[in-house]
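Engineer: First, the structure itself, so that you have it in front of you.
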Amino acid sequence: MDKKDKPESNRHNPWLMPLWLMGFAIYYLVTYVLPDAPRELAYSEFVQQVEETRIHTIVLKGRDIQGRYQPPDSENTRGRNYDFHVVIPELEGERLLDLLQRHQVVVEVRADRPPLWLQILSGFLPWLLIIGFFVWTSRALRQRMEGMGGTGGVYGFGRSRARRHPAAESGTGFKDVAGLESAKEDLMEIVDYLKDPTRYREFGANLPKGVLMMGAPGTGKTLLARACAGEAGVPFYSVSGSEFIEMFVGVGASRVRDMFRDARREAPALIFIDEIDSVGRVRGTGLGGGNDEREQTLNQILAEMDGFEPEEAVVVLAATNRPDVLDPALLRPGRFDRKVTLDLPQRKARSEILALHCRNKPLGDDVDLDEVAAITVGFSGADLANIVNEAALLAVHNHHQSICKQDFLSSRDKVLMGAPRADLLNPSERERIACHEAGHAIAAWFSPHSDSLEKVSIVPRGRSLGVTEQIPSEDRHNVTEDFLRARLAILLAGRCAEKLRFDSYSTGAEDDLKQATKMAYKMVGQWGMTESVGAVGYSISEEHPFLGRDITEPREFGEETARLLDRAVRQTLKDAEDNVRQLLLDHQRSLERLVDALLEHETLYHDELLELLKVESPVE
């Protein structure tokens, strides 16, 4: 909200403190400076003036004497009278009265009180200053609390927390979003509608009121929404779903009303609600349900979207990475009736994203962004931006003139697994880890249905003690049974190599066994890849966190089927283990050479593996 839209009570009044200081200065001047100070006389001089009959009238106020006297002509006063002031000594009471009576001095006795105007001023001015001080401090405290609490602060719970970005300030367009071509095509129609809504109304076309963008974290949902507003040239209201939730019921609904009212006032406009699943989950009791404040906020969002008139060019964009937990009322036609899916970028898109983030960075001659894109399968746009930034930091740290290829490789490993911890392993552990990773590498190298082996390392990173990396030649969306069985063999090859060399197992295969077991259950129970179970698909290992439904769901099969599934899974894993054990026996000499090389060099890349294993290329 602009500053001009703030209530008058929320503005800071800069004149309060100067006014308070001015009042204090006036009080000091009137009390101590402005009165013409009388001439101070010594008591002996006062007695002398009385005896010389130069004083005719005095005013007695307690022990103070005030009056007017005429100095002697020798003082060159030209007949001018002067006010005087003198203090009576304590022992001079009766003697002084006798002196005054003998010289016929008129004595006027007055109470020792200041003038009325001074009494009034001294009585009310301190209170005025105190009140002014408290008003100023309360205004300052209120403004600070407003700044801490966002728009309206603690005095504006119901005000919208949406951040308004004017159309003139939005410098992001579709050109700044690499990849996501299909998503940009879906949103281009929204952009055209916001630019010229009258053309659509002439044909009686009503565009969707809401667009739901679904995708994994870091795929660019927020960036795409901002680019959509920048392309359309309309105001952009951005808010997170969690900002509607407060302790008091009804606060979120009030903020929703305020946000939609502001957007309608500036239509055509775009509203973007990030992480809408925080307020849009399935309503009702059970896991994730039963929150009155969240449900009231969701009801208000539904009501506001229903309240859009055909002539109101306001489009609501929402983003989530959990579309399965959203309330069905949000997804029905008339609300978020258009869905845009943002997938993880493919190899070409990853190369474009890397080029976009490297625009203003000095790259070395050995850097090929296509190669970097090839080794970043499954990375999101945010992950790629992080890799580029980490590579730049490493180049600065290593005093390089430009960002080289090794900086990108090291930054990828750091983002994927963490920083290296070279001194973590003792000699016996290094040998066992080298044997474990060599087993993975031999199985991957000689398997006819696996991806290409890129790197083997026994340098601990993060929680991993070693790594064997495979790079697919192309992005996959559908995998075959042969590939999955080869993957099972590679996962189990590490512990088989340990058994072959040390005649024992270690805990290093824990994660491998988890992945292999999970994959085997899916092969048996969901993908129908075993003859004993057949072509069936059960809901096995499907996770439903945060759903507004009961925690326990009825199982789709009985105890006999469960035992059949367990036997099939064990048999699948046993077959894979037997196959990879025989493969390691057939290439035991290559396994031993690879273990020795890892203990010496710690990290081996594809070309070094090719030379070490004495073959031109792995089995195709």
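Chain labels run A, B, ... following the order of the structure tokens; each chain numbers its residues from 1, and ligands are numbered from 1 in the order shown.
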Can you tell me which residues surround Arg461 (chain A) at a distance of at most 7 Å, considering only C-alpha atoms, apart from same-chain residues fewer than 4 positions away, and format the answer as a list in words?

Structural biologist: Met417, Gly418, Ala419, Pro420, Arg421 and Leu465 of chain A

Engineer: CA of Phe174 (chain A) to CA of Gly220 (chain A): how many Å, to one decimal?

Structural biologist: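 Answer for the CA of Phe174 (chain A) to CA of Gly220 (chain A) separation: 11.5 Å.
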
Engineer: Env of Leu583 (chain A): 8 Å cut, atoms = only C-alpha atoms, seq-sep filter 4 positions within chain, self excluded. Answer as a list in words.

Structural biologist: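 With the cut-off at 8 Å, the set is Ala443, Asn579 and His587 of chain A.
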
Engineer: Skipping near chain neighbours, those fewer than 3 positions away, what residues fall within 10 Å of region 344-357 of chain A using only C-alpha atoms, listed as a ChimeraX atom specification?

Structural biologist: /A:175-181,215-220,341,360-361,368-382,384-389,474-476

Engineer: As a PyMOL selection string, please: every residue in region 459-580 of chain A that a backbone DSSP assignment puts in alpha helix (DSSP H).

Structural biologist: chain A and resi 481-502+510-525+559-580

Engineer: Generate a file of the selected residues that holds C-alpha atoms, formatted as an mmCIF file, in the first residue's frame.

Structural biologist:
```cif
data_model
loop_
_atom_site.group_PDB
_atom_site.id
_atom_site.type_symbol
_atom_site.label_atom_id
_atom_site.label_comp_id
_atom_site.auth_asym_id
_atom_site.auth_seq_id
_atom_site.Cartn_x
_atom_site.Cartn_y
_atom_site.Cartn_z
ATOM 1 C CA GLU A 481 12.599 -53.846 -16.424
ATOM 2 C CA ASP A 482 16.148 -54.545 -17.612
ATOM 3 C CA PHE A 483 17.289 -51.112 -16.433
ATOM 4 C CA LEU A 484 15.654 -51.606 -13.027
ATOM 5 C CA ARG A 485 17.215 -55.031 -12.515
ATOM 6 C CA ALA A 486 20.614 -53.606 -13.471
ATOM 7 C CA ARG A 487 20.021 -50.817 -10.974
ATOM 8 C CA LEU A 488 19.260 -53.385 -8.260
ATOM 9 C CA ALA A 489 22.500 -55.226 -9.045
ATOM 10 C CA ILE A 490 24.540 -52.003 -8.843
ATOM 11 C CA LEU A 491 22.985 -51.109 -5.473
ATOM 12 C CA LEU A 492 23.863 -54.522 -4.035
ATOM 13 C CA ALA A 493 27.335 -54.696 -5.618
ATOM 14 C CA GLY A 494 29.020 -52.704 -2.841
ATOM 15 C CA ARG A 495 28.204 -55.139 -0.032
ATOM 16 C CA CYS A 496 28.964 -58.111 -2.316
ATOM 17 C CA ALA A 497 32.435 -56.677 -3.020
ATOM 18 C CA GLU A 498 33.034 -56.266 0.736
ATOM 19 C CA LYS A 499 32.022 -59.894 1.307
ATOM 20 C CA LEU A 500 34.310 -61.044 -1.497
ATOM 21 C CA ARG A 501 37.387 -59.142 -0.209
ATOM 22 C CA PHE A 502 36.880 -59.085 3.597
ATOM 23 C CA GLU A 510 22.385 -49.348 4.795
ATOM 24 C CA ASP A 511 21.173 -46.778 2.273
ATOM 25 C CA ASP A 512 21.800 -49.150 -0.642
ATOM 26 C CA LEU A 513 19.577 -51.802 0.953
ATOM 27 C CA LYS A 514 16.808 -49.281 1.624
ATOM 28 C CA GLN A 515 16.773 -48.114 -1.981
ATOM 29 C CA ALA A 516 16.956 -51.655 -3.352
ATOM 30 C CA THR A 517 14.120 -52.916 -1.128
ATOM 31 C CA LYS A 518 11.886 -49.973 -1.988
ATOM 32 C CA MET A 519 12.538 -50.441 -5.689
ATOM 33 C CA ALA A 520 11.896 -54.194 -5.474
ATOM 34 C CA TYR A 521 8.543 -53.639 -3.745
ATOM 35 C CA LYS A 522 7.467 -51.287 -6.516
ATOM 36 C CA MET A 523 8.628 -53.706 -9.212
ATOM 37 C CA VAL A 524 6.634 -56.515 -7.617
ATOM 38 C CA GLY A 525 3.537 -54.785 -6.282
ATOM 39 C CA GLU A 559 -2.433 -61.468 4.448
ATOM 40 C CA GLU A 560 -1.847 -64.193 1.878
ATOM 41 C CA THR A 561 -1.112 -61.588 -0.815
ATOM 42 C CA ALA A 562 1.200 -59.765 1.600
ATOM 43 C CA ARG A 563 3.190 -62.952 2.179
ATOM 44 C CA LEU A 564 3.311 -63.531 -1.578
ATOM 45 C CA LEU A 565 4.638 -59.999 -2.103
ATOM 46 C CA ASP A 566 7.305 -60.462 0.574
ATOM 47 C CA ARG A 567 8.490 -63.724 -0.994
ATOM 48 C CA ALA A 568 8.607 -62.134 -4.439
ATOM 49 C CA VAL A 569 10.593 -59.164 -3.157
ATOM 50 C CA ARG A 570 13.120 -61.407 -1.417
ATOM 51 C CA GLN A 571 13.488 -63.535 -4.546
ATOM 52 C CA THR A 572 13.990 -60.439 -6.717
ATOM 53 C CA LEU A 573 16.715 -59.111 -4.427
ATOM 54 C CA LYS A 574 18.350 -62.571 -4.183
ATOM 55 C CA ASP A 575 18.463 -62.939 -7.964
ATOM 56 C CA ALA A 576 20.062 -59.502 -8.296
ATOM 57 C CA GLU A 577 22.622 -60.324 -5.595
ATOM 58 C CA ASP A 578 23.527 -63.674 -7.183
ATOM 59 C CA ASN A 579 23.996 -62.053 -10.591
ATOM 60 C CA VAL A 580 26.218 -59.245 -9.327
#
```

Engineer: For Ser44 (chain A), find every residue with an atom within 12 Å (counting only C-alpha atoms), except residues of its own chain fewer than 6 positions away, and show them as JSON, numbers by chain.

Structural biologist: {"A": [50, 51, 86, 87, 88, 89, 92, 96]}

Engineer: Please list as a PyMOL selection string every residue within 7 Å of region 275-281 of chain A, counting only C-alpha atoms and excluding residues in the same chain fewer than 6 positions away.

Structural biologist: chain A and resi 240-242+294+297-298+318-320+322+325-327

Engineer: With C-alpha atoms retained, export the selected residues as a compact mmCIF listing (two decimals), in the first residue's frame.

Structural biologist:
```
# COMPACT_ATOMS: atom_id res chain seq x y z
CA SER A 240 2.49 -16.17 0.85
CA GLY A 241 -0.32 -18.38 2.05
CA SER A 242 1.17 -18.52 5.54
CA ARG A 294 -7.34 -21.78 8.15
CA THR A 297 -9.43 -18.09 5.30
CA LEU A 298 -10.01 -20.75 2.63
CA ALA A 318 -1.30 -19.73 -7.06
CA ALA A 319 1.73 -21.97 -6.59
CA THR A 320 2.14 -25.24 -4.73
CA ARG A 322 1.62 -30.42 -3.08
CA VAL A 325 -3.54 -32.00 -0.52
CA LEU A 326 -5.65 -29.13 -1.90
CA ASP A 327 -9.36 -28.89 -1.18
```

Engineer: Could you pull the residues within 6 Å of region 398-411 of chain A, counting only C-alpha atoms, minus those fewer than 5 positions along the same chain, as a PyMOL selection string?

Structural biologist: chain A and resi 362-364+366-367+387+390-391

Engineer: So, with only C-alpha atoms as the atoms that count, which of A:Ala313, A:Leu187, A:Ala509, A:Ala444 lies closest to Phe260 (chain A)?

Structural biologist: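 For Phe260 (chain A), the nearest of the given residues is A:Ala313.
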